[in-house]
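Structure record follows, encoded as C-alpha cells.
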Amino acid sequence: MTEETVHAASVNPGPPRPGPHRSWTAMFARTAGLRIAVLPISALCALTTAGLTVHYAGVLAFGFITLVAQLQLALPFADLGMGAAVARAVARVDGSARAAEEVRTLIRRTALLLLAVGLLGATAAALSGVYGFWSRVFEVPETLAPQVDLVMSLVLGVFFLSLPLGIAERVLVGRDRSDVLVLLGLLPSVGNVLVVYALGQLGVPVAWLALGLPLSTLGFLGVCGYLAFLHPRIGIRTILIPERSANENPVDGCPVPAEHDERREEIAEGTSIRLILLGGLPVLLATAGMVLSEQHGRLVLASAATALDLSEYAIALQLYMPIYSVLYMAATVLWPRFAVDPSPQLWRRANLLLTGLGACAALGFIIFARPVAGLVTGGALVPSWGVVLGLGAALVAQAAHLTQTNLFTDRRGFWRQAAMSLVLLILVVPGTLFGIQLGLGPAAPGVSMALGVTLAQVIPGLLMASRLVRHPRTEAPAAPPATDPAPAPMPAVQAAPLER
C-alpha cells in the first residue's frame, strides 16, 4: 500500500475507474440551476438577517456582529487539509473490497484527527475570550467589548467542535452530489434569520446575534452527516459494499484470513496519522492562503479603518456571497471528473463558461447592490460605487480561476495552488492597507483582491493548466511509503461555505 493510494488517487494499482456517468455539462447545469433557484431565498434570508441586525444593533455595531458571526468563514483550513483526501478517495473508489476498506479506514482516522484539532482549537478560543484577546485585536467599542469576547469564543468553539462533521460534506462532493449540497445550503440561511429574530425579540445583548449563523451551520452539518453516512442511496454505504474479488472464498464470500490480515496491515500502515497529516500539508497551505485572502477585508478594516467603513463593506459582502456561491457550487461538479481525466476539451469549455458567467454575475451585482442595500437598511447603509466596482472585478477574477482550482488536485498541482494562494495573501493584505492610506476606504479590499487574484492566480494558473492538459502526466506506481512523499488530495471547499 502506498501513500499515493491512500491520499489521492487510485485505490487500486490499475487504471482509475471511469468518471461519473452523468455528463459534466448536465451536472453543471443542474447544480447551477438549483443554486440559481434557491438564490432568491438565500439572498432574501441574508438581506433579512442584515436588516434585522441593523434594526436591533445599529449601523456601527453591524460590522462587528457580522465579523464575529462569519469569522468561521476564514477558518475552513482548520481541518489541516485532511478532509480533502476523503473527497478524492470517495470519488475514485472502484467497488473492490480493498478500496472499501481503505476509504473506511481513511474516514475513521481523519475524523479522530479532526476531533483532536477541534478540542485544541475550542480550548484556545475559550482562553482567548477569557483574557480579552478579541476585543483588543479588533478595536471593538468599549460597550461591545465584553460581549464580543464571550460570543466570539462561543462561535469559534462551535466551529472547532464541528470539524469532524465537516467530513460529511467531502463525502457528498466525492459522491458527485453537489446538487444536494446546494439545496442543503438553504438551512444555514433560513436558520440564521430565525435565530437572529428570536434573539432580537428576547432582547439579548446585541453581540449574541452573531450566534445565528454558527448554530444553523451546525444543524446543516448534522443533516449532511445523515445523508453522507446513513442514507441508503445518497450516502457512502452504497460504495462500501465491495464486489467479490479473486481473494474471497468462493463458498462464503469471506476473504481468506491470512490475506485479509495482510491487507488490513498494509491499509493501516498506509493510512497512518503521519501520512494523513503530510498528505494534507499542501492542501492546508493552499486553502489557508486563499481563504485568508478572501476574508482579509473585514479583518483589515476592523483593525485599520472606521466602524462605518467596516459596516459598509460588510453589507456589500452580504450581497456578494450568494452570487459567488452560484459559480463556486456549480464548479464543484468538475472535481470528480478532473480527478479521473483532465480533458483539454473539458478544461477549455469550463474556463469559458465560468469566466463568462462570472462577468454576467458581476454586472448584475454592480447594478443592483446599491439599491438593494439601501432598501434593506432603510437607506442607512449604502455601499459606495468604489466598493461595488471593486467586488465586481474580484468576482470576475475569482470565476476565471475556479476551473484551475478543481484541476490542480494531484500532489504537484496542490503545491502549485499553495504557492499561488500564499503569493496572493502576500499581495492583498499590504495592497488593502495601501489602498486605505490612499483614501479608498472600504473599497480597498475589493480592488486589492481583484488585482491580486489576476496576478497571482488567474495568469499563472492558466499558463500551468494549459501545459498540464496538453501533456498530462501518466501516474506511475508510487514508491514505498518510506521514500515517497505524501501527495495532496482533492481540494477542500475553499472560501465558499454553503451560506454563500
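Note on naming: chains are A, B, ... as they come in the C-alpha cells, residues start from 1 per chain, ligands start from 1 in the order shown.
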Write out as an mmCIF file with all heavy atoms, in the first residue's frame each polymer residue whose atoms come within 8 Å of A:Ser178, counting only C-alpha atoms; drop sequence neighbours fewer than 3 positions from it.
```cif
data_model
loop_
_atom_site.group_PDB
_atom_site.id
_atom_site.type_symbol
_atom_site.label_atom_id
_atom_site.label_comp_id
_atom_site.auth_asym_id
_atom_site.auth_seq_id
_atom_site.Cartn_x
_atom_site.Cartn_y
_atom_site.Cartn_z
ATOM 1 N N THR A 31 -26.577 21.757 -11.077
ATOM 2 C CA THR A 31 -26.112 22.385 -9.852
ATOM 3 C C THR A 31 -26.277 23.895 -9.900
ATOM 4 O O THR A 31 -26.756 24.519 -8.953
ATOM 5 C CB THR A 31 -24.634 22.023 -9.597
ATOM 6 O OG1 THR A 31 -24.497 20.603 -9.591
ATOM 7 C CG2 THR A 31 -24.157 22.569 -8.271
ATOM 8 N N LEU A 172 -20.082 13.858 0.280
ATOM 9 C CA LEU A 172 -21.115 14.182 -0.707
ATOM 10 C C LEU A 172 -20.516 14.744 -1.989
ATOM 11 O O LEU A 172 -21.000 14.459 -3.086
ATOM 12 C CB LEU A 172 -22.115 15.176 -0.107
ATOM 13 C CG LEU A 172 -22.993 14.621 1.024
ATOM 14 C CD1 LEU A 172 -23.880 15.713 1.603
ATOM 15 C CD2 LEU A 172 -23.854 13.461 0.521
ATOM 16 N N VAL A 173 -19.450 15.544 -1.865
ATOM 17 C CA VAL A 173 -18.777 16.045 -3.065
ATOM 18 C C VAL A 173 -18.154 14.891 -3.841
ATOM 19 O O VAL A 173 -18.266 14.800 -5.066
ATOM 20 C CB VAL A 173 -17.707 17.091 -2.691
ATOM 21 C CG1 VAL A 173 -16.839 17.433 -3.901
ATOM 22 C CG2 VAL A 173 -18.371 18.360 -2.175
ATOM 23 N N LEU A 181 -25.901 19.357 -1.878
ATOM 24 C CA LEU A 181 -25.322 20.384 -1.019
ATOM 25 C C LEU A 181 -25.912 21.759 -1.302
ATOM 26 O O LEU A 181 -26.058 22.583 -0.397
ATOM 27 C CB LEU A 181 -23.805 20.418 -1.202
ATOM 28 C CG LEU A 181 -23.016 19.259 -0.596
ATOM 29 C CD1 LEU A 181 -21.545 19.376 -0.957
ATOM 30 C CD2 LEU A 181 -23.186 19.218 0.913
ATOM 31 N N VAL A 182 -26.219 22.016 -2.563
ATOM 32 C CA VAL A 182 -26.825 23.299 -2.911
ATOM 33 C C VAL A 182 -28.163 23.467 -2.200
ATOM 34 O O VAL A 182 -28.455 24.519 -1.618
ATOM 35 C CB VAL A 182 -27.012 23.410 -4.435
ATOM 36 C CG1 VAL A 182 -27.917 24.585 -4.790
ATOM 37 C CG2 VAL A 182 -25.666 23.580 -5.118
ATOM 38 N N MET A 329 -20.387 26.616 -6.362
ATOM 39 C CA MET A 329 -21.029 25.310 -6.221
ATOM 40 C C MET A 329 -21.202 24.633 -7.571
ATOM 41 O O MET A 329 -21.108 23.407 -7.672
ATOM 42 C CB MET A 329 -22.378 25.470 -5.520
ATOM 43 C CG MET A 329 -22.273 25.890 -4.066
ATOM 44 S SD MET A 329 -21.204 24.804 -3.083
ATOM 45 C CE MET A 329 -22.057 23.235 -3.255
ATOM 46 N N ALA A 330 -21.457 25.406 -8.626
ATOM 47 C CA ALA A 330 -21.554 24.800 -9.959
ATOM 48 C C ALA A 330 -20.220 24.217 -10.389
ATOM 49 O O ALA A 330 -20.155 23.147 -11.013
ATOM 50 C CB ALA A 330 -22.036 25.833 -10.969
ATOM 51 N N THR A 332 -17.983 22.837 -8.571
ATOM 52 C CA THR A 332 -17.568 21.636 -7.845
ATOM 53 C C THR A 332 -17.878 20.348 -8.600
ATOM 54 O O THR A 332 -17.302 19.302 -8.272
ATOM 55 C CB THR A 332 -18.244 21.575 -6.463
ATOM 56 O OG1 THR A 332 -19.664 21.590 -6.616
ATOM 57 C CG2 THR A 332 -17.807 22.731 -5.587
ATOM 58 N N VAL A 333 -18.752 20.401 -9.600
ATOM 59 C CA VAL A 333 -19.018 19.177 -10.374
ATOM 60 C C VAL A 333 -17.789 18.762 -11.169
ATOM 61 O O VAL A 333 -17.711 17.622 -11.651
ATOM 62 C CB VAL A 333 -20.227 19.364 -11.318
ATOM 63 C CG1 VAL A 333 -21.454 19.796 -10.556
ATOM 64 C CG2 VAL A 333 -19.927 20.357 -12.432
#
```
Practice prompt. Could you give me, as an MDAnalysis selection string, the residues within 12 Å of stretch 455-460 of chain A, counting only C-alpha atoms and dropping anything in the same chain fewer than 2 positions from it?
Written response: chainID A and resid 286 289:290 293 351 355 394 396:405 416:428 448:453 462:467
Fill in: Which of A:His296, A:His55, A:Arg337, A:Arg349 sits closest to A:Arg175 [using only C-alpha atoms]
A:Arg337
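Residues in contact with stretch 369-372 of chain A at 8 Å, where only C-alpha atoms are counted and same-chain residues fewer than 4 positions away are skipped, are listed as Ala316, Leu319, Phe365, Val376, Val382, Pro383, Ser384, Trp385 and Val388 of chain A.
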Once you have the residues from the selection above, write them out as a PDB file, in the first residue's frame, restricted to all heavy atoms.
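Result file follows (selection-v3.pdb):
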```
ATOM      1  N   ALA A 316     -22.031  45.057   1.616  1.00  0.00           N
ATOM      2  CA  ALA A 316     -21.750  44.694   0.220  1.00  0.00           C
ATOM      3  C   ALA A 316     -21.339  43.232   0.108  1.00  0.00           C
ATOM      4  O   ALA A 316     -21.724  42.526  -0.831  1.00  0.00           O
ATOM      5  CB  ALA A 316     -20.653  45.604  -0.341  1.00  0.00           C
ATOM      6  N   LEU A 319     -24.171  40.760   0.023  1.00  0.00           N
ATOM      7  CA  LEU A 319     -24.788  40.594  -1.296  1.00  0.00           C
ATOM      8  C   LEU A 319     -23.885  39.807  -2.245  1.00  0.00           C
ATOM      9  O   LEU A 319     -24.360  39.106  -3.130  1.00  0.00           O
ATOM     10  CB  LEU A 319     -25.093  41.973  -1.897  1.00  0.00           C
ATOM     11  CG  LEU A 319     -26.009  42.873  -1.063  1.00  0.00           C
ATOM     12  CD1 LEU A 319     -26.081  44.262  -1.679  1.00  0.00           C
ATOM     13  CD2 LEU A 319     -27.396  42.271  -0.954  1.00  0.00           C
ATOM     14  N   PHE A 365     -24.364  42.328 -10.054  1.00  0.00           N
ATOM     15  CA  PHE A 365     -24.004  42.812  -8.725  1.00  0.00           C
ATOM     16  C   PHE A 365     -23.791  44.327  -8.732  1.00  0.00           C
ATOM     17  O   PHE A 365     -24.268  45.043  -7.840  1.00  0.00           O
ATOM     18  CB  PHE A 365     -22.735  42.104  -8.256  1.00  0.00           C
ATOM     19  CG  PHE A 365     -22.190  42.602  -6.945  1.00  0.00           C
ATOM     20  CD1 PHE A 365     -22.760  42.228  -5.748  1.00  0.00           C
ATOM     21  CD2 PHE A 365     -21.092  43.458  -6.922  1.00  0.00           C
ATOM     22  CE1 PHE A 365     -22.258  42.693  -4.534  1.00  0.00           C
ATOM     23  CE2 PHE A 365     -20.586  43.931  -5.727  1.00  0.00           C
ATOM     24  CZ  PHE A 365     -21.168  43.546  -4.536  1.00  0.00           C
ATOM     25  N   VAL A 376     -32.814  47.419   2.071  1.00  0.00           N
ATOM     26  CA  VAL A 376     -32.771  46.561   3.249  1.00  0.00           C
ATOM     27  C   VAL A 376     -32.524  47.364   4.523  1.00  0.00           C
ATOM     28  O   VAL A 376     -33.129  47.097   5.567  1.00  0.00           O
ATOM     29  CB  VAL A 376     -31.683  45.477   3.079  1.00  0.00           C
ATOM     30  CG1 VAL A 376     -31.443  44.735   4.382  1.00  0.00           C
ATOM     31  CG2 VAL A 376     -32.084  44.503   1.992  1.00  0.00           C
ATOM     32  N   VAL A 382     -25.559  52.304   2.556  1.00  0.00           N
ATOM     33  CA  VAL A 382     -25.473  52.064   1.119  1.00  0.00           C
ATOM     34  C   VAL A 382     -24.000  52.038   0.727  1.00  0.00           C
ATOM     35  O   VAL A 382     -23.285  53.030   0.939  1.00  0.00           O
ATOM     36  CB  VAL A 382     -26.211  53.155   0.317  1.00  0.00           C
ATOM     37  CG1 VAL A 382     -26.080  52.893  -1.180  1.00  0.00           C
ATOM     38  CG2 VAL A 382     -27.678  53.207   0.726  1.00  0.00           C
ATOM     39  N   PRO A 383     -23.486  50.932   0.177  1.00  0.00           N
ATOM     40  CA  PRO A 383     -22.074  50.876  -0.207  1.00  0.00           C
ATOM     41  C   PRO A 383     -21.770  51.848  -1.333  1.00  0.00           C
ATOM     42  O   PRO A 383     -22.607  52.095  -2.203  1.00  0.00           O
ATOM     43  CB  PRO A 383     -21.879  49.424  -0.653  1.00  0.00           C
ATOM     44  CG  PRO A 383     -23.246  48.943  -1.012  1.00  0.00           C
ATOM     45  CD  PRO A 383     -24.192  49.667  -0.123  1.00  0.00           C
ATOM     46  N   SER A 384     -20.575  52.402  -1.325  1.00  0.00           N
ATOM     47  CA  SER A 384     -20.175  53.353  -2.359  1.00  0.00           C
ATOM     48  C   SER A 384     -19.945  52.636  -3.687  1.00  0.00           C
ATOM     49  O   SER A 384     -19.824  51.406  -3.741  1.00  0.00           O
ATOM     50  CB  SER A 384     -18.896  54.066  -1.934  1.00  0.00           C
ATOM     51  OG  SER A 384     -17.814  53.140  -1.869  1.00  0.00           O
ATOM     52  N   TRP A 385     -19.842  53.408  -4.756  1.00  0.00           N
ATOM     53  CA  TRP A 385     -19.559  52.822  -6.064  1.00  0.00           C
ATOM     54  C   TRP A 385     -18.192  52.137  -6.065  1.00  0.00           C
ATOM     55  O   TRP A 385     -17.989  51.138  -6.749  1.00  0.00           O
ATOM     56  CB  TRP A 385     -19.618  53.896  -7.143  1.00  0.00           C
ATOM     57  CG  TRP A 385     -21.005  54.204  -7.602  1.00  0.00           C
ATOM     58  CD1 TRP A 385     -21.719  55.343  -7.378  1.00  0.00           C
ATOM     59  CD2 TRP A 385     -21.848  53.344  -8.375  1.00  0.00           C
ATOM     60  NE1 TRP A 385     -22.963  55.256  -7.949  1.00  0.00           N
ATOM     61  CE2 TRP A 385     -23.074  54.033  -8.578  1.00  0.00           C
ATOM     62  CE3 TRP A 385     -21.716  52.064  -8.903  1.00  0.00           C
ATOM     63  CZ2 TRP A 385     -24.131  53.495  -9.290  1.00  0.00           C
ATOM     64  CZ3 TRP A 385     -22.760  51.514  -9.614  1.00  0.00           C
ATOM     65  CH2 TRP A 385     -23.956  52.219  -9.803  1.00  0.00           C
ATOM     66  N   VAL A 388     -18.615  48.621  -4.666  1.00  0.00           N
ATOM     67  CA  VAL A 388     -19.352  47.756  -5.589  1.00  0.00           C
ATOM     68  C   VAL A 388     -18.500  47.379  -6.790  1.00  0.00           C
ATOM     69  O   VAL A 388     -18.451  46.209  -7.206  1.00  0.00           O
ATOM     70  CB  VAL A 388     -20.655  48.463  -6.019  1.00  0.00           C
ATOM     71  CG1 VAL A 388     -21.334  47.699  -7.144  1.00  0.00           C
ATOM     72  CG2 VAL A 388     -21.601  48.609  -4.838  1.00  0.00           C
TER      73      VAL A 388
END
```
Discussion item. Residues near A:Gly386, anyone? I mean within 8 Å using only C-alpha atoms, not counting same-chain ones fewer than 5 positions away, as a PyMOL selection string.
Written reply: chain A and resi 440+442-443
Fill in: A:Met321 surroundings by only C-alpha atoms, 12 Å radius, close-in-sequence under 3 positions cut, as a ChimeraX atom specification
/A:39,42-43,46-47,70,73,189,294-295,314-318,324-329,361-362,365,369,391-392,394-395,495-500
Could you give me, as a Markdown table, a per-residue list for stretch 281-334 of chain A showing, wherever an atom lies at most 10 Å from an atom of stretch 132-146 of chain A, the closest pair of atoms and their distance in Å to one decimal, using only C-alpha atoms and sorting by chain then residue number from low to high?
```
| residue | atom | partner | partner_atom | distance |
| --- | --- | --- | --- | --- |
| A:Arg298 | CA | A:Phe138 | CA | 9.9 |
| A:Leu299 | CA | A:Phe138 | CA | 7.5 |
| A:Val300 | CA | A:Phe138 | CA | 8.8 |
| A:Leu301 | CA | A:Phe138 | CA | 9.0 |
| A:Ala302 | CA | A:Phe138 | CA | 5.4 |
| A:Ser303 | CA | A:Phe138 | CA | 5.2 |
| A:Ala304 | CA | A:Phe138 | CA | 8.9 |
| A:Ala305 | CA | A:Glu139 | CA | 9.8 |
| A:Thr306 | CA | A:Glu139 | CA | 9.6 |
| A:Ala307 | CA | A:Val140 | CA | 8.8 |
```
Could you please take those selected residues and save C-alpha atoms as a PDB file, in the first residue's frame?
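That gives us result.pdb:
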```pdb
ATOM      1  CA  ARG A 298     -13.135  42.586   7.161  1.00  0.00           C
ATOM      2  CA  LEU A 299     -10.146  41.837   9.374  1.00  0.00           C
ATOM      3  CA  VAL A 300      -8.022  44.674   7.973  1.00  0.00           C
ATOM      4  CA  LEU A 301     -10.878  47.188   8.025  1.00  0.00           C
ATOM      5  CA  ALA A 302     -11.707  46.226  11.619  1.00  0.00           C
ATOM      6  CA  SER A 303      -8.112  46.997  12.623  1.00  0.00           C
ATOM      7  CA  ALA A 304      -7.162  49.911  10.360  1.00  0.00           C
ATOM      8  CA  ALA A 305     -10.382  51.712   9.363  1.00  0.00           C
ATOM      9  CA  THR A 306     -13.544  53.072  10.968  1.00  0.00           C
ATOM     10  CA  ALA A 307     -16.556  51.124  12.182  1.00  0.00           C
TER      11      ALA A 307
END
```
Counting only C-alpha atoms, what are the residues of stretch 154-190 of chain A within 6 Å of stretch 112-119 of chain A, and for each of them which pair of atoms is the nearest and at what distance in Å, to one decimal? Sort the table by chain and rising number, as a tab-separated table.
```
residue	atom	partner	partner_atom	distance
A:Phe160	CA	A:Gly118	CA	4.3
A:Leu161	CA	A:Gly118	CA	4.8
A:Leu163	CA	A:Leu114	CA	5.9
A:Pro164	CA	A:Leu114	CA	5.3
```
Worksheet entry | From A:Ala359, A:Pro40, A:Gln201, A:Glu312, residue lying nearest A:Gly374 [only C-alpha atoms] |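 Going through A:Ala359, A:Pro40, A:Gln201, A:Glu312 one by one, the smallest distance to A:Gly374 is for A:Glu312.
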Fill in: Coordinates-based distance that separates atom CA of A:Leu230 from atom CA of A:Ala37 (Å, one decimal)
27.3 Å
